[in-house]
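Visitor: Please read through the structure below; I'll follow up with questions.
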Amino acid sequence: MEPALPPIRILLADDHAVVRAGIRQFLEQADDLRVIAEADDGDTAKDLIAEHLPDVAVLDIQMPKATGIEVTRWIRKEHHAVGVLILTAFDETPYIMAVLQAGANGYVLKTASPSEIIQAVRNVHAGNSAIDAAILKKMIAEMGAHEESQPIEKLTRREMDVLTLVGKGFTNKAIGVQLGISDRTVQGHLAHIFDKLHAASRTEAVMRAVSLGWLPPDLV
Amino acid sequence: MKNTPPHLPIPGSRWRGLTFRLFAWVIFPIIILLFVATFGSFALHQQEMRAMVGILDERAVRTAASAISEHLNSRAASIYGLSLRASDGSPADHILESSTALKTDFDAGLAFFSPGGELLAKSHWVLPALPPILEESLGRASTEPSFTSFQNSITGEHIIFITAAESPDAPIVVGALNLSTAVSSTLNESLGAEEQITINLIDRDGRVLFGAKKISPTLIDAALRGESGSTYIQSEDGEHVIAYSPISHLDWVLILEEPWAAVASPTLTTTLITPLALAPVLLLALVALWFGARQIVQPLQNLETRARTLAWGDFYTIQESVGGIEEIAKLQNTLIYLAEKVSDAQSGLRSYIGAITIGQEDERRRLARDLHDETLQSLIALNQRVQLAQINNKDDVVAERLAEIENLTGETIRDLRRVTHALRPLYLDDLGLVAALDMLAREMQESAAISVSFQCLGSERRLAPETELAFYRMAQEGLSNVIRHAGAEHASVSIAFSPDTISLSISDNGIGFIVPESPAEFAPKGHFGLLGLYERAELISAKLDLRSKLHQGTELTVTLSNSKA
């Protein structure tokens, strides 16, 4: 990151004030990050996002009024340009799945070190996924366990392209634009991918591809 | 919750029913005894009758035989008298003239012969010439009168000659008499006139002297040996009684024969059909049996079937009338009353258990929430402080202490997460049943040595928190049952959302087990896990179905209709 670039503008939402203050201190360790607003519930977060249009929204999952997952969905619908990093105390797979399915770009545990959290924000801002290393390991292990009994069919070149873009957090429409195809065709490719990988969601498909070694782990 | 209780056969119950027992132990033996008594006494009676008739007939024939022999002896005595007079020198003509009284006795004539065989005199002699047999007997004439029979070849009549001579040189007296007249008059005197009775008189050579029947030679032999007796023979017109006796001094046999039918009076014959009197008895017994079956056994069986549904929680079937006698109706009323009491007690207990379960789950959720929202967040804040302190710290000793604290905090956070998760997975409330079941399958697979697959059919609908929790807990219990008892390699969990129902199914490819007949047997057989599942299902008014076969795995299905969800 060159210092000349404008700092990454961050909205921080967490209902626990002390923790929120800690995260803010973490983030402000980096010169290129600036927390421009703080919210202690989901609705306030939405209002502030609409008002400030931050680069990255750092959200807790469990919040009064609207959960981080709901806010993520809302952002994907209303303000697609805002990157979403979920910063939570939950390390359970269902949350991670749900959050990634809602369209979050990253998922980091609150127990992560300041540098990890800072790097995650930067990754999200750069358009990449950012998944906590501990969680990624755990999820890939869980995915792998399911594969013994089910043979996996190879993906075509085009399907691999689609899946790679899915891994980067793009929507069907965005993938379509990038590959020069309609979002309907993207949807068709995805259906085939899900089928071949026995996956139920975009994230699961990406995870599987990573666990099979078809996609590099740093992608997610 | 299974609404159709299976029909379980009690060993040997087929042969224990009232109908069968009544028939086997009362009616059937009575019928057999009656038949034995009737036919036995009838046979004995007939046997005695036959013996008696035989003895009577034998006695009669012996009487007749002695009458004939007496009759002939008295004639012989007359001849002997004449021979005495002839030996005194009285002329034969004189003797014949003075003996006109004997003409009736010797209806075939009287004659005197010289010892040389010359005819001296004769009276009303019917034969045209002397038969050779007479000439023969003349030569043998002695003081003891001898009897000779002869058949007149023209008339076919038998004539008996009685010959006697006082001395070898004295004139020989011959008296001839018609056998038939002599015998029939005697027989009429001794036997009376019986239409059915046939009488035969037979000489030593088997020639029939009187009567016309052919008789078995063995009978004749026996009679000629001096024996008398009776026997039964079968002929084409039925059974006949035969009695025989020899006639003393003569080598003749008197045989009496009469058909058994004539002896056995009609009364005796009717006794043959007496057993028919048993028919009404039999009919009555069958009616009693039918009544028993219709009014007692069948209603009792119906009642039993209905009572069995009680074990499955069906308290309504028992109230349908089963009919039958009043005592059964009373029994049914008592059962209905008991069923109501049980139902009341059960619903009371159920709502109590329900309240306890809900209370417990609420408590766990609150605790999990508190631990997560407060304690965990504080620990995270603590962790953050330590990490910030580490950034600003330059002292090695302090850095070491801080790293130690960070490690401890991290460990405490992990422990706390584990405790929270065990209390209640918060994502069940936050994310719903499908995510929670998916996670459950993953966790179970990780912790146990079997593969667990998860599948969701249809699109998820969020249910009431207590319903989702009940499904989650049932899946948890079901899977841990599989892991602990089934010895399976694979288990699968699936939840299906259809427009009308939500159904959860847990199946495995394990050893299976014998499914108890009713939930009441869960606890005594040690299936506490199943009992818990059953109770959980009851609490949310879901239907629990358990299917298992030995070595063919187990499938457990919980179905909840939308109206109850």
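In the structure tokens, chains take the letters A, B, ... in the order shown, each chain's residues start at 1, and ligands count up from 1 in the order shown.
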So which residues touch range 70-75 of chain A within 12 Å, counting only C-alpha atoms, skipping near sequence neighbours fewer than 3 positions away, as a VMD selection string?
Guide: (chain A and resid 13 39 41 to 50 53 to 67 78 to 86 98 to 107) or (chain B and resid 430 to 431)
Visitor: Could you tell me, as a ChimeraX atom specification, which residues of range 78-273 of chain B DSSP assigns to strand (DSSP E or B) when given the backbone?
Guide: /B:109-113,119-123,146-151,158-165,172-178,198-202,208-210,229-235,238-247,252-259
Visitor: Based on only C-alpha atoms, which of the residues in chain A come within 6 Å of chain B? I want them as a VMD selection string.
Guide: chain A and resid 19 22 94
Visitor: Write out as number ranges by chain all residues of range 144-206 of chain A that backbone DSSP assigns to helix (DSSP H, G or I).
Guide: A: 144-145, 157-167, 172-179, 183-197, 202-206
Visitor: Fewer than 5 positions away in the same chain doesn't count, so skip those; otherwise give me all residues within 10 Å of Leu163 in chain A, counting only C-alpha atoms, as a PDB file with C-alpha atoms, in the first residue's frame.
Guide:
ATOM      1  CA  LEU A 155     -14.818 -29.200 -13.662  1.00  0.00           C
ATOM      2  CA  ARG A 157     -12.249 -24.780 -17.807  1.00  0.00           C
ATOM      3  CA  ARG A 158     -15.172 -22.351 -17.920  1.00  0.00           C
ATOM      4  CA  LYS A 168     -13.396 -13.742  -4.955  1.00  0.00           C
ATOM      5  CA  GLY A 169     -16.862 -12.816  -3.792  1.00  0.00           C
ATOM      6  CA  PHE A 170     -18.352 -11.672  -7.086  1.00  0.00           C
ATOM      7  CA  ILE A 175     -18.970 -12.752 -13.004  1.00  0.00           C
ATOM      8  CA  VAL A 186     -23.354 -18.137 -14.861  1.00  0.00           C
ATOM      9  CA  HIS A 189     -22.520 -23.137 -14.672  1.00  0.00           C
ATOM     10  CA  LEU A 190     -22.970 -22.808 -10.939  1.00  0.00           C
ATOM     11  CA  ILE A 193     -20.501 -26.947 -10.259  1.00  0.00           C
ATOM     12  CA  PHE A 194     -22.718 -27.533  -7.223  1.00  0.00           C
ATOM     13  CA  ARG A 202     -21.252 -20.980  -3.308  1.00  0.00           C
ATOM     14  CA  THR A 203     -18.979 -20.989  -0.309  1.00  0.00           C
ATOM     15  CA  ALA A 205     -18.247 -25.140  -3.557  1.00  0.00           C
ATOM     16  CA  VAL A 206     -15.251 -22.873  -3.157  1.00  0.00           C
ATOM     17  CA  ALA A 209     -12.378 -26.802  -4.633  1.00  0.00           C
ATOM     18  CA  LEU A 215      -8.036 -23.489  -6.151  1.00  0.00           C
TER      19      LEU A 215
END
Visitor: Using CA of Leu84 in chain B and CA of Glu166 in chain B as the two end points, give the distance in Å to one decimal.
Guide: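 Between CA of Leu84 in chain B and CA of Glu166 in chain B the gap is 5.8 Å.
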Visitor: So that I can check the surroundings of Val26 in chain B, please list as a ChimeraX atom specification every protein, DNA and RNA residue that reaches within 12 Å of it, counting only C-alpha atoms and ignoring chain neighbours fewer than 6 positions away.
Guide: /B:18-20,32-33,282,285-286,288-289
Visitor: With only C-alpha atoms as the basis for distance, which of A:Glu153, A:Asp31, A:Glu92, A:Glu159 is at the shortest distance from Arg122 in chain A?
Guide: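 Comparing A:Glu153, A:Asp31, A:Glu92, A:Glu159 against Arg122 in chain A, the winner is A:Asp31.
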Visitor: Quick one: pull the distance between CA of Ala243 in chain B and CA of Leu187 in chain B, Å, one decimal.
Guide: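 Computed distance, CA of Ala243 in chain B to CA of Leu187 in chain B, equals 14.5 Å.
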Visitor: Need to verify the contact set: Glu340 in chain B, 12 Å, only C-alpha atoms, exclusion of same-chain residues closer than 3 positions in sequence. Can you return it as a VMD selection string?
Guide: chain B and resid 310 313 to 319 333 to 337 343 to 347
Visitor: So that I have them on file, write out the residues from the current selection with N, CA and C atoms, as a PDB file, in the first residue's frame.
Guide:
ATOM      1  N   LEU B 310     -54.409 -48.955  23.948  1.00  0.00           N
ATOM      2  CA  LEU B 310     -54.147 -48.034  25.066  1.00  0.00           C
ATOM      3  C   LEU B 310     -52.657 -47.772  25.234  1.00  0.00           C
ATOM      4  N   GLY B 313     -51.217 -45.022  23.448  1.00  0.00           N
ATOM      5  CA  GLY B 313     -51.728 -43.686  23.718  1.00  0.00           C
ATOM      6  C   GLY B 313     -53.059 -43.394  23.056  1.00  0.00           C
ATOM      7  N   ASP B 314     -53.698 -44.433  22.539  1.00  0.00           N
ATOM      8  CA  ASP B 314     -54.997 -44.221  21.910  1.00  0.00           C
ATOM      9  C   ASP B 314     -56.084 -44.511  22.944  1.00  0.00           C
ATOM     10  N   PHE B 315     -56.692 -43.442  23.457  1.00  0.00           N
ATOM     11  CA  PHE B 315     -57.680 -43.630  24.509  1.00  0.00           C
ATOM     12  C   PHE B 315     -59.104 -43.599  23.977  1.00  0.00           C
ATOM     13  N   TYR B 316     -59.270 -43.590  22.663  1.00  0.00           N
ATOM     14  CA  TYR B 316     -60.618 -43.449  22.100  1.00  0.00           C
ATOM     15  C   TYR B 316     -61.182 -44.767  21.578  1.00  0.00           C
ATOM     16  N   THR B 317     -60.306 -45.587  21.018  1.00  0.00           N
ATOM     17  CA  THR B 317     -60.785 -46.855  20.439  1.00  0.00           C
ATOM     18  C   THR B 317     -61.503 -47.702  21.484  1.00  0.00           C
ATOM     19  N   ILE B 318     -61.031 -47.657  22.715  1.00  0.00           N
ATOM     20  CA  ILE B 318     -61.597 -48.494  23.775  1.00  0.00           C
ATOM     21  C   ILE B 318     -63.064 -48.141  24.033  1.00  0.00           C
ATOM     22  N   GLN B 319     -63.464 -46.936  23.631  1.00  0.00           N
ATOM     23  CA  GLN B 319     -64.827 -46.501  23.944  1.00  0.00           C
ATOM     24  C   GLN B 319     -65.876 -47.045  22.978  1.00  0.00           C
ATOM     25  N   ASN B 333     -66.592 -50.941  30.549  1.00  0.00           N
ATOM     26  CA  ASN B 333     -66.778 -49.668  31.247  1.00  0.00           C
ATOM     27  C   ASN B 333     -65.637 -49.410  32.223  1.00  0.00           C
ATOM     28  N   THR B 334     -65.250 -50.482  32.926  1.00  0.00           N
ATOM     29  CA  THR B 334     -64.136 -50.331  33.867  1.00  0.00           C
ATOM     30  C   THR B 334     -62.863 -49.941  33.127  1.00  0.00           C
ATOM     31  N   LEU B 335     -62.637 -50.596  31.987  1.00  0.00           N
ATOM     32  CA  LEU B 335     -61.446 -50.282  31.186  1.00  0.00           C
ATOM     33  C   LEU B 335     -61.491 -48.833  30.696  1.00  0.00           C
ATOM     34  N   ILE B 336     -62.677 -48.403  30.267  1.00  0.00           N
ATOM     35  CA  ILE B 336     -62.809 -47.021  29.793  1.00  0.00           C
ATOM     36  C   ILE B 336     -62.479 -46.051  30.925  1.00  0.00           C
ATOM     37  N   TYR B 337     -63.003 -46.390  32.103  1.00  0.00           N
ATOM     38  CA  TYR B 337     -62.763 -45.540  33.267  1.00  0.00           C
ATOM     39  C   TYR B 337     -61.267 -45.476  33.577  1.00  0.00           C
ATOM     40  N   SER B 343     -55.225 -41.547  31.055  1.00  0.00           N
ATOM     41  CA  SER B 343     -55.084 -40.433  30.128  1.00  0.00           C
ATOM     42  C   SER B 343     -54.874 -39.121  30.883  1.00  0.00           C
ATOM     43  N   ASP B 344     -55.714 -38.929  31.929  1.00  0.00           N
ATOM     44  CA  ASP B 344     -55.572 -37.710  32.741  1.00  0.00           C
ATOM     45  C   ASP B 344     -54.191 -37.644  33.376  1.00  0.00           C
ATOM     46  N   ALA B 345     -53.833 -38.781  33.986  1.00  0.00           N
ATOM     47  CA  ALA B 345     -52.532 -38.807  34.663  1.00  0.00           C
ATOM     48  C   ALA B 345     -51.410 -38.548  33.670  1.00  0.00           C
ATOM     49  N   GLN B 346     -51.566 -39.154  32.500  1.00  0.00           N
ATOM     50  CA  GLN B 346     -50.512 -39.023  31.495  1.00  0.00           C
ATOM     51  C   GLN B 346     -50.399 -37.580  31.011  1.00  0.00           C
ATOM     52  N   SER B 347     -51.565 -36.972  30.750  1.00  0.00           N
ATOM     53  CA  SER B 347     -51.468 -35.607  30.228  1.00  0.00           C
ATOM     54  C   SER B 347     -50.919 -34.671  31.306  1.00  0.00           C
TER      55      SER B 347
END
Visitor: From the list B:Ile27, B:Ala108, B:Ala64, B:Leu416, which residue is nearest Ile162 in chain B when using only C-alpha atoms?
Guide: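 When distances to Ile162 in chain B are compared using only C-alpha atoms, the smallest one comes from B:Ala108.
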Visitor: Go through A:Val18, A:Ile36, A:Ala174, A:Met160 one by one, measure the shortest atom-to-atom distance of each to Lys196 in chain A using only C-alpha atoms, and give the residue with the smallest value.
Guide: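 Nearest to Lys196 in chain A: A:Met160.
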Visitor: So the first atom is CA of Ala112 in chain A and the second is CA of Ile135 in chain A; what is the distance between them in Å, to one decimal place?
Guide: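 These two atoms are separated by 10.9 Å.
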